[in-house]
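Worksheet: one structure, shown below.
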Amino acid sequence: MEENIIELRNLCKQYDDLKVLDNLSLDIKKNEFLTLLGPSGCGKTTTLKIIAGFEYADEGKVLFEGKDINEIPPYQRPVNTVFQKYALFPHMNVYENIAFGLKIKKMPKDQIDKKVREMLKLVALEGKENRKVDSLSGGQQQRIAIARALVNEPKVLLLDEPLGALDLKLRQEMQIELKRMQQKLGITFIFVTHDQEEALSMSDTIIVMNKGQIQQMGTPEDIYNEPKNSFVARFIGESNIFDGIMLDDYKVEFCNKTFDCVDKGFNKNENIEVVIRPEDIKMVKPEDGMLKGKVTSTVFKGVHYEIELEENDRKWILHNTKTAEVGSELGMDIYPEDIHIMRKESN
């Protein structure tokens with residue numbers, strides 16, 4: 001079992017009347033690619049800045065390898081940060097930008113050269129060391145910013161929405177690139193994003209945040225397939241969410257019908273919420289379906305069609321490689337393992 005490199009203990013942070021972090025605790029393991037995911041204002045960037053030392057918590061502790069680093073200034077912490085705005089030096093070329101931190105440390109010239117050339121190879125920018133940074137593309141500039149951070153050999157790399165300024169194709173390429181770098185270097189990456197697809201494709205662990213609190217923590221598969229509450233279910237991918245009653249272990253009632261499911265451990269007749277992902281609904285003939293409804297819209301999404309359907313005044317979303325005609329009737333089948341049960345939220 002990997003040991004923790006960073007432990008956040010009961011962090012609280014408030015700006016005027018706004019509570020940004022609300023008693024947040026979190027363990028981050030060595031060599032982990034961990035993503036803080038959530039909407040704007042959920043506290044993810046503030047958490048990152050507190051780890052980096054650019055912000056201080058009103059209450060709580062940041063432990064690094066078991067030692068309290070609350071009073072240690074940013075430049076003495078064994079972490080480096082890459083921001084969305086790369087903050088490269090325009091008057092320096094690629095080589096000089098990457099070497100900057102090592103020169104500040106007064107490292108011998110031959111060692112600097114060796115390390116910079118290793119980094120150029122890692123970020124696939126060999127041969128571009130003499131180019132001015134403003135002559136390079138956004139993706140190349142982003143790789144320089146990462147190389148400049150990594151050349152200092154931090155134990156943890158913090159990334160604050162570093163791909164946000166890139167176009168879609170380049171962003172997808174850089175997601176693969178970042179994951180490859182993290183695996184090759186074997187250091188901890190803490191990545192902040194509001195883009196759920198980005199989080200799902202890159203992370204070992206995802207922390208879903210909202211209103212300064214952790215809503216769920218787990219692998220991308222856990223977060224997507226077994227959301228803990230309706231916020232997570234709605235934020236990660238698309239979902240059909242309905243009120244229901246857990247009749248007994250493995251039996252649930254929703255949409256005025258009883259279904260088999262794979263969940264247990266709820267109270268008899270407990271009010272619950274049911275989540276069904278659009279891609280898990282099987283399209284069948286109206287007479288063959290567990291439920292049926294009328295198609296109100298179809299949109300081609302490239303890989304699949306998104307079909308909206310109305311069933312007894314309830315709106316459903318289905319994803320299928322086949323389309324359906326607007327106005328036609330459609331049957332829906334749902335397998336037990338595709339019905340996910342969540343406890344009702346108390347608020």
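Chain labels follow the order of the structure tokens: the first chain is A, the next B, and so on; residue numbering restarts at 1 in every chain, and ligands are counted from 1 in their shown order.
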
Using only C-alpha atoms, which residues sit within 12 Å of Gly127 of chain A once same-chain residues fewer than 3 positions away are excluded, as a list in words?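 What passes the distance filter is Val94, Tyr95, Arg117, Leu120, Lys121, Val123, Ala124, Asn130 and Arg131 of chain A.
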
Using the selection just defined, write its residues with all heavy atoms as a PDB file, in the first residue's frame.
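After the write, selection_34.pdb holds the following:
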```pdb
ATOM      1  N   VAL A  94      13.589  28.873 -25.109  1.00  0.00           N
ATOM      2  CA  VAL A  94      13.052  27.676 -24.458  1.00  0.00           C
ATOM      3  C   VAL A  94      14.041  27.137 -23.424  1.00  0.00           C
ATOM      4  O   VAL A  94      13.678  26.868 -22.273  1.00  0.00           O
ATOM      5  CB  VAL A  94      12.720  26.594 -25.517  1.00  0.00           C
ATOM      6  CG1 VAL A  94      12.393  25.259 -24.859  1.00  0.00           C
ATOM      7  CG2 VAL A  94      11.572  27.055 -26.411  1.00  0.00           C
ATOM      8  N   TYR A  95      15.291  26.998 -23.817  1.00  0.00           N
ATOM      9  CA  TYR A  95      16.333  26.461 -22.932  1.00  0.00           C
ATOM     10  C   TYR A  95      16.445  27.314 -21.661  1.00  0.00           C
ATOM     11  O   TYR A  95      16.452  26.787 -20.544  1.00  0.00           O
ATOM     12  CB  TYR A  95      17.679  26.446 -23.676  1.00  0.00           C
ATOM     13  CG  TYR A  95      18.819  25.823 -22.911  1.00  0.00           C
ATOM     14  CD1 TYR A  95      19.241  24.531 -23.201  1.00  0.00           C
ATOM     15  CD2 TYR A  95      19.488  26.525 -21.906  1.00  0.00           C
ATOM     16  CE1 TYR A  95      20.301  23.948 -22.502  1.00  0.00           C
ATOM     17  CE2 TYR A  95      20.536  25.953 -21.195  1.00  0.00           C
ATOM     18  CZ  TYR A  95      20.938  24.668 -21.507  1.00  0.00           C
ATOM     19  OH  TYR A  95      21.976  24.091 -20.806  1.00  0.00           O
ATOM     20  N   ARG A 117      18.399  19.162 -21.021  1.00  0.00           N
ATOM     21  CA  ARG A 117      18.281  18.311 -22.210  1.00  0.00           C
ATOM     22  C   ARG A 117      17.415  17.070 -21.921  1.00  0.00           C
ATOM     23  O   ARG A 117      16.674  16.615 -22.786  1.00  0.00           O
ATOM     24  CB  ARG A 117      19.662  17.917 -22.728  1.00  0.00           C
ATOM     25  CG  ARG A 117      20.405  19.158 -23.221  1.00  0.00           C
ATOM     26  CD  ARG A 117      21.539  18.971 -24.146  1.00  0.00           C
ATOM     27  NE  ARG A 117      22.116  20.287 -24.472  1.00  0.00           N
ATOM     28  CZ  ARG A 117      21.615  21.125 -25.350  1.00  0.00           C
ATOM     29  NH1 ARG A 117      20.523  20.809 -26.027  1.00  0.00           N
ATOM     30  NH2 ARG A 117      22.167  22.305 -25.571  1.00  0.00           N
ATOM     31  N   LEU A 120      13.865  18.451 -22.153  1.00  0.00           N
ATOM     32  CA  LEU A 120      13.481  18.703 -23.549  1.00  0.00           C
ATOM     33  C   LEU A 120      13.055  17.406 -24.226  1.00  0.00           C
ATOM     34  O   LEU A 120      12.088  17.370 -24.993  1.00  0.00           O
ATOM     35  CB  LEU A 120      14.645  19.346 -24.317  1.00  0.00           C
ATOM     36  CG  LEU A 120      14.900  20.829 -24.027  1.00  0.00           C
ATOM     37  CD1 LEU A 120      16.282  21.240 -24.526  1.00  0.00           C
ATOM     38  CD2 LEU A 120      13.830  21.703 -24.681  1.00  0.00           C
ATOM     39  N   LYS A 121      13.782  16.320 -23.904  1.00  0.00           N
ATOM     40  CA  LYS A 121      13.440  15.014 -24.471  1.00  0.00           C
ATOM     41  C   LYS A 121      12.105  14.529 -23.912  1.00  0.00           C
ATOM     42  O   LYS A 121      11.244  14.029 -24.644  1.00  0.00           O
ATOM     43  CB  LYS A 121      14.561  14.010 -24.154  1.00  0.00           C
ATOM     44  CG  LYS A 121      14.388  12.676 -24.855  1.00  0.00           C
ATOM     45  CD  LYS A 121      15.576  11.757 -24.596  1.00  0.00           C
ATOM     46  CE  LYS A 121      15.377  10.430 -25.319  1.00  0.00           C
ATOM     47  NZ  LYS A 121      16.468   9.488 -25.016  1.00  0.00           N
ATOM     48  N   VAL A 123       9.550  16.209 -22.785  1.00  0.00           N
ATOM     49  CA  VAL A 123       8.367  16.942 -23.282  1.00  0.00           C
ATOM     50  C   VAL A 123       8.376  17.081 -24.810  1.00  0.00           C
ATOM     51  O   VAL A 123       7.620  17.870 -25.371  1.00  0.00           O
ATOM     52  CB  VAL A 123       8.230  18.335 -22.600  1.00  0.00           C
ATOM     53  CG1 VAL A 123       8.048  18.185 -21.111  1.00  0.00           C
ATOM     54  CG2 VAL A 123       9.419  19.246 -22.918  1.00  0.00           C
ATOM     55  N   ALA A 124       9.235  16.298 -25.471  1.00  0.00           N
ATOM     56  CA  ALA A 124       9.279  16.229 -26.939  1.00  0.00           C
ATOM     57  C   ALA A 124       9.495  17.595 -27.584  1.00  0.00           C
ATOM     58  O   ALA A 124       8.800  17.985 -28.520  1.00  0.00           O
ATOM     59  CB  ALA A 124       8.002  15.575 -27.480  1.00  0.00           C
ATOM     60  N   ASN A 130      16.491  26.796 -28.780  1.00  0.00           N
ATOM     61  CA  ASN A 130      16.876  28.187 -29.061  1.00  0.00           C
ATOM     62  C   ASN A 130      15.720  29.062 -29.551  1.00  0.00           C
ATOM     63  O   ASN A 130      15.918  30.248 -29.831  1.00  0.00           O
ATOM     64  CB  ASN A 130      18.019  28.222 -30.088  1.00  0.00           C
ATOM     65  CG  ASN A 130      19.270  27.546 -29.529  1.00  0.00           C
ATOM     66  OD1 ASN A 130      19.616  27.753 -28.373  1.00  0.00           O
ATOM     67  ND2 ASN A 130      19.920  26.719 -30.347  1.00  0.00           N
ATOM     68  N   ARG A 131      14.531  28.463 -29.636  1.00  0.00           N
ATOM     69  CA  ARG A 131      13.363  29.230 -30.108  1.00  0.00           C
ATOM     70  C   ARG A 131      12.847  30.156 -29.010  1.00  0.00           C
ATOM     71  O   ARG A 131      12.865  29.832 -27.826  1.00  0.00           O
ATOM     72  CB  ARG A 131      12.229  28.270 -30.517  1.00  0.00           C
ATOM     73  CG  ARG A 131      12.539  27.376 -31.698  1.00  0.00           C
ATOM     74  CD  ARG A 131      12.201  28.003 -33.023  1.00  0.00           C
ATOM     75  NE  ARG A 131      10.782  28.286 -33.170  1.00  0.00           N
ATOM     76  CZ  ARG A 131       9.871  27.412 -33.613  1.00  0.00           C
ATOM     77  NH1 ARG A 131      10.242  26.183 -33.939  1.00  0.00           N
ATOM     78  NH2 ARG A 131       8.608  27.765 -33.744  1.00  0.00           N
TER      79      ARG A 131
END
```

Contact check, segment 53-154 of chain A to segment 172-179 of chain A, at most 10 Å, counting only C-alpha atoms, closest pairs as a tab-separated table:
```
residue	atom	partner	partner_atom	distance
A:Leu122	CA	A:Glu177	CA	9.7
A:Val123	CA	A:Glu177	CA	8.2
A:Ala124	CA	A:Glu177	CA	9.7
A:Gly139	CA	A:Met174	CA	7.4
A:Gln140	CA	A:Met174	CA	9.8
A:Gln142	CA	A:Met174	CA	8.8
A:Arg143	CA	A:Met174	CA	8.6
A:Ile146	CA	A:Leu178	CA	9.0
```

Output as JSON lines one row per residue of segment 195-289 of chain A within 7 Å of segment 41-54 of chain A: the closest atom pair and its distance in Å to one decimal place, counting only C-alpha atoms, sorted by chain and residue number ascending.
```
{"residue": "A:Met209", "atom": "CA", "partner": "A:Cys42", "partner_atom": "CA", "distance": 5.9}
{"residue": "A:Asn210", "atom": "CA", "partner": "A:Cys42", "partner_atom": "CA", "distance": 4.6}
{"residue": "A:Lys211", "atom": "CA", "partner": "A:Cys42", "partner_atom": "CA", "distance": 4.7}
{"residue": "A:Gly212", "atom": "CA", "partner": "A:Gly43", "partner_atom": "CA", "distance": 4.9}
```

For a quick check of understanding, using only C-alpha atoms, which of A:Glu279, A:Glu2, A:Asp263, A:Asp204 has the smallest distance to Pro336 of chain A? A:Asp263

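Note that atom CA of Glu7 of chain A and atom CA of Ile190 of chain A are 12.7 Å apart.
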
Could you pull the residues within 8 Å of Met290 of chain A, counting only C-alpha atoms, minus those fewer than 6 positions along the same chain, as a PyMOL selection string? chain A and resi 331-334

Identify, on the basis of only C-alpha atoms, every residue whose closest approach to Ile72 of chain A does not exceed 12 Å; exclude the query and any residue fewer than 2 positions from it along the same chain; express the result as a PyMOL selection string. chain A and resi 50-56+61-64+67-70+74-79

Calculate how many Å separate atom CA of Val133 of chain A from atom CA of Phe100 of chain A, rounding to one decimal. 13.7 Å

Would you mind writing down, as a ChimeraX atom specification, each residue of segment 25-162 of chain A that DSSP on the backbone assigns to strand (DSSP E or B)? /A:25-29,33-37,59-64,67-68,79-83,93,132,156-160

Which residues are close to Ala57 of chain A, i.e. within 7 Å by only C-alpha atoms, leaving aside same-chain residues fewer than 3 positions away? Reply as a list in words.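 Near neighbours after the sequence-gap exclusion: Leu11, Cys12, Lys13, Ile50 and Gly60 of chain A.
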
Any chance you could tabulate, as a tab-separated table, the residues of segment 192-261 of chain A at most 10 Å from segment 31-37 of chain A with each one's nearest atom pair and distance in Å to one decimal, using only C-alpha atoms, in chain and rising number order?
```
residue	atom	partner	partner_atom	distance
A:Val192	CA	A:Leu36	CA	4.9
A:Thr193	CA	A:Leu37	CA	5.3
A:His194	CA	A:Leu37	CA	5.4
A:Asp195	CA	A:Leu37	CA	7.3
A:Gln196	CA	A:Leu37	CA	7.0
A:Glu198	CA	A:Thr35	CA	9.3
A:Ala199	CA	A:Thr35	CA	6.2
A:Leu200	CA	A:Thr35	CA	9.0
A:Met202	CA	A:Phe33	CA	7.5
A:Ser203	CA	A:Phe33	CA	5.2
A:Asp204	CA	A:Phe33	CA	5.2
A:Thr205	CA	A:Leu34	CA	4.8
A:Ile206	CA	A:Thr35	CA	4.9
A:Ile207	CA	A:Leu36	CA	4.9
A:Val208	CA	A:Leu37	CA	4.9
A:Met209	CA	A:Leu37	CA	6.0
A:Asn210	CA	A:Leu37	CA	8.8
A:Ile214	CA	A:Leu36	CA	9.3
A:Met217	CA	A:Leu36	CA	9.5
A:Gly218	CA	A:Leu34	CA	9.8
A:Thr219	CA	A:Leu34	CA	9.5
A:Pro220	CA	A:Thr35	CA	9.9
A:Phe235	CA	A:Leu37	CA	9.5
A:Ile236	CA	A:Leu37	CA	9.5
```

Option closest in space to Leu26 of chain A, from A:Met119, A:Gln216, A:Leu125, A:Lys85 [counting only C-alpha atoms]: A:Gln216

Would you work out the distance separating atom CA of Thr321 of chain A from atom CA of Lys285 of chain A, expressed in Å to one decimal? 16.0 Å
